[in-house]
Amino acid sequence: MSSEEQGLPALEVPPSTRAAPRGLPARFFDSDLWYSFRSSRLVVLAGIVTLLMVGAALLAPLIAPHDPYDLRALNLMDSDLPPAWVQGGDPRFLLGTDDQGRDILSTILYGTRSSIAISVLAVLLAIGIGVSLGLVAGYFGGIADTIIMRIADVKLTFPAILVALLINGIAQTLFRGRLGGAEFWILVLSIGLSFWVQYARTVRGMTLVEKNKEYVQAARLIGMSRTAIMFKHVLPNVLSPVLVIGTINLALAIITEATLSFLGVGLPPTEPSLGTMIQIGNKYLFSGSWWMVAFPGVTLAVLVLAVNLLGDWLRDALNPKLR
Amino acid sequence: MKLRIMTLAAAVAAAMLTAPVEAKTFRYAFQGDLNALDPYTLNETFTLGALGNVMEGLTKRDKDLKIIPGLAERWEIAEPTRWRFYLRKGVKFHNGEDFTADDVVFSAERALSPESNIKSRIAAGTKVVKVDDHTVDFVTTAPNPILHYEWDTWYIFSKKWSEANGATKVQTSSSQLSPFTLKANGTGPFIVESHQPGVKTVFKPNPNWWGKPEHNLTEVIFQTIKSDATRVAALLSGEIDMMDPVPVQDIARIKANAGTDVLTGPELRTIFLNMDSLRDELLYSDVKGKNPFKDARVRKAFYQAIDMEAIHSRVMRGNSANSALLISPLLFSRAAEFKRHPYDPDAAKKLLAEAGYPNGFAVEMDCPNDRYVNDEAICQAVVAMLARIGIKAKLNAMPKAKYFEKAGATQKYDSSFNLLGWTPGSFDSHNVLLNITGCRDDKGAGAFNYGGYCNPKVDELAKLVLVETDTAKRDDLIAQAFRIVHEEAGIIPLHQQALNWGVSKKVKIVQRADNQILFYWVQKE
């Protein structure tokens, strides 16, 4: 049993039975969730930072001073320039340039965009796979349960990064030279496939509890099909822990993406993500070009910290035992 | 109890007294892996250099790269087409077997087998005849004054050992290894004690070596350290005694450190770009039904799009010499006559438009990322420069073991555009005309012609070069051949990289311009 499972909320009253005549925003700002969010300054800060970074990343093409992915705009003679405020800096490049003459600031914006996009898609993929398998395993039980859970057990014995590397290796060999820009989707696939087990186990545990409750029995009595019960009645009631794990996993996915890129199996060097930037910068650590690794490194740390704080808060807020 | 401790102490003291020499371990690191211990698998300087401490050829090269006797004591040209080699007597392989003429005949067959990567070491058509146990004749099809120029890296295998260990066939892939490639049985000054491909190799001195050791080592440990920063850190901290290459951005840092220094020198290796001009359609491109690289104008456009001054000053930080030739000017007397086609993106665009590609085209570029100095950074810079003339090149950077398989003969030159470096093993232009610009055949010609460039006129000249004995005439033939390659931009030469070894000041090491790391000359304090 993992700690996440033990800390899960058990929703006694299905939300569909609550009377809620008011509009959604009003309900949200009136809720316990919003209250607990407001009451912690750290969480509010984390929320603002996350929002700012995601916003800046999404708007990268509009706000970035250069397009670092446009190879035509790169000039090798601009390479290795320090930040603008340091001796030898160039005002065109606020945070300096890397070894190919890419503007660090713009690359961070574009790189964060790729990192977040890959991570969100990967987590969604993991949720999709994990929740479906968990529901099936928990609701049907028997042989389906055994097979799915044994696969999950085997998968749990390998570290996520190892599985991601393995899937990445296979996919790269399969798709080599066939698809342009396949690296992005290979990353989504490899991270997504290495994260599904947690969801499957959690959802299975929840489903085992939920399926014996009266509302499920009632639905069965009126003759609903098993699939319909599974998705219409059980699913909504097992989703809140999935949301918590998803948020925490998002931070982990960002780190995994950076690790894969750092190891050189992620995005191509011509379209660097944060991990690729840190890998490039790492080569110049001894030569004094600290800006190549420092700025992307700090960005990655802040982003992951902020998302993690949000995830922790969400877990506590939704946990009835801590209320 | 007390007695026992006394005995133990006495034993320890005795052991310390009888230890003949202080243990001296030489540790070195390279950015790439040492994979198969089969020197016929991959014709690559680093691998051949490492194995050159363990195995030997009929000839050797001294500290100044002059040919000296190796396993052959002496040789003579009996007739213009018959060379006689007298083998050294009393030489034993590491496993105790005697070295005889049978081993030479066997090694020649092995080197010429279809799987071999070093077929061109022995000129095509040469017959190897055993005269007696210590005499071997080489019968060539035509007079060949440079027959033995590359034999210092044609290492002799033991016939019996190879048969007993399943090593008669050459290991073809340097990434998927047969068991025998984890061992080596040579005649050289060092013995491989253990080998973990891609991680660590341990060498011990061979007490029965025929020569007089010029080193004072008791052990050598080789490690692969891929990351530039980690390799520098390991040298600075004294964890290793020597490493290659020093990242050009860290030369100053290593020189400034009290215990370390950088050994620099010109390297004979030339770095160049190959374009697949052989296939009728490129494997990795959006141009279908034809091959743009067949058009010399397209190749010249690529040539002129590359700003070598920028690569020299920014990527290599001055540690390179731009080259118009596929051979170092140190190895060809008339190199100064050749000038690079000037960097001119506008002319390049015009050439592309004339060839029918006004909007450029897309192509994939393969590049090693742990073989040459800043190889991946060079490729990235080239890709960016090509983008400016409308060529959308997609970069695939990969470790050398994978790269040499993909772009090379193993996977039938599965590449459209790639970067390669080459030091002619014979230190002579004919080697380049045969391996790099020669039309590919199944006898080893053009084996490293990763783009498949083929001009029969160049091949004709190469054949004349091989048999010409008059230096001036020979150089003229070479110049003619290089002129053709230059004019039609068959291959794009980039530069000769500078040699930068990071060394501990406790170590004296010989740095040859061919960049082989030979630790049998290392003296450690």
# chains A, B, ... in the order shown; residues from 1 in each chain; ligands from 1

$ interface_residues --of "chain B" --to "chain A" --cutoff "6 Å" --atoms "only C-alpha atoms" --output "list in words"
Asp228, Ala229, Gln249, Asp250, Ala384, Ala387 and Arg388 of chain B

$ select_by_dssp --residues "range 431-500 of chain B" --states "strand (DSSP E)" --output "ChimeraX atom specification"
/B:491-500

$ write_last_selection --atoms "C-alpha atoms" --output "PDB file, in the first residue's frame"
ATOM      1  CA  ILE B 491      32.701  16.209 -50.064  1.00  0.00           C
ATOM      2  CA  ILE B 492      32.811  19.343 -47.913  1.00  0.00           C
ATOM      3  CA  PRO B 493      36.024  19.576 -45.876  1.00  0.00           C
ATOM      4  CA  LEU B 494      35.633  21.628 -42.695  1.00  0.00           C
ATOM      5  CA  HIS B 495      38.811  21.738 -40.639  1.00  0.00           C
ATOM      6  CA  GLN B 496      41.656  19.963 -38.930  1.00  0.00           C
ATOM      7  CA  GLN B 497      40.884  19.958 -35.225  1.00  0.00           C
ATOM      8  CA  ALA B 498      43.648  20.704 -32.734  1.00  0.00           C
ATOM      9  CA  LEU B 499      44.789  18.003 -30.394  1.00  0.00           C
ATOM     10  CA  ASN B 500      44.067  18.819 -26.738  1.00  0.00           C
TER      11      ASN B 500
END

$ residues_around --residues "Leu395 in chain B" --least-positions-apart "3" --cutoff "8 Å" --atoms "only C-alpha atoms" --output "ChimeraX atom specification"
/A:268-270 /B:364-367,379-380,383

$ write_last_selection --atoms "N, CA and C atoms" --output "compact mmCIF listing (two decimals), in the first residue's frame"
# COMPACT_ATOMS: atom_id res chain seq x y z
N PRO A 268 14.95 17.36 -29.66
CA PRO A 268 16.22 17.54 -30.39
C PRO A 268 16.93 18.81 -29.94
N PRO A 269 18.27 18.84 -30.10
CA PRO A 269 19.04 19.99 -29.63
C PRO A 269 18.67 21.29 -30.33
N THR A 270 18.02 21.18 -31.49
CA THR A 270 17.64 22.41 -32.18
C THR A 270 16.36 23.02 -31.62
N GLU B 364 17.77 15.04 -43.51
CA GLU B 364 18.20 14.72 -42.15
C GLU B 364 19.72 14.61 -42.11
N MET B 365 20.30 15.09 -41.03
CA MET B 365 21.74 15.05 -40.88
C MET B 365 22.10 14.15 -39.70
N ASP B 366 23.01 13.21 -39.92
CA ASP B 366 23.47 12.33 -38.84
C ASP B 366 24.81 12.83 -38.33
N CYS B 367 24.98 12.76 -37.02
CA CYS B 367 26.18 13.35 -36.43
C CYS B 367 26.55 12.58 -35.17
N CYS B 379 27.71 20.34 -35.85
CA CYS B 379 26.55 19.96 -36.64
C CYS B 379 25.39 20.94 -36.41
N GLN B 380 25.18 21.34 -35.15
CA GLN B 380 24.11 22.29 -34.87
C GLN B 380 24.35 23.60 -35.60
N VAL B 383 23.60 23.14 -39.27
CA VAL B 383 22.15 23.09 -39.50
C VAL B 383 21.56 24.51 -39.50

$ residues_around --residues "range 320-334 of chain B" --least-positions-apart "2" --cutoff "7 Å" --atoms "only C-alpha atoms" --output "number ranges by chain"
B: 268-270, 308, 312, 316, 318, 336-340, 427-429, 493-498
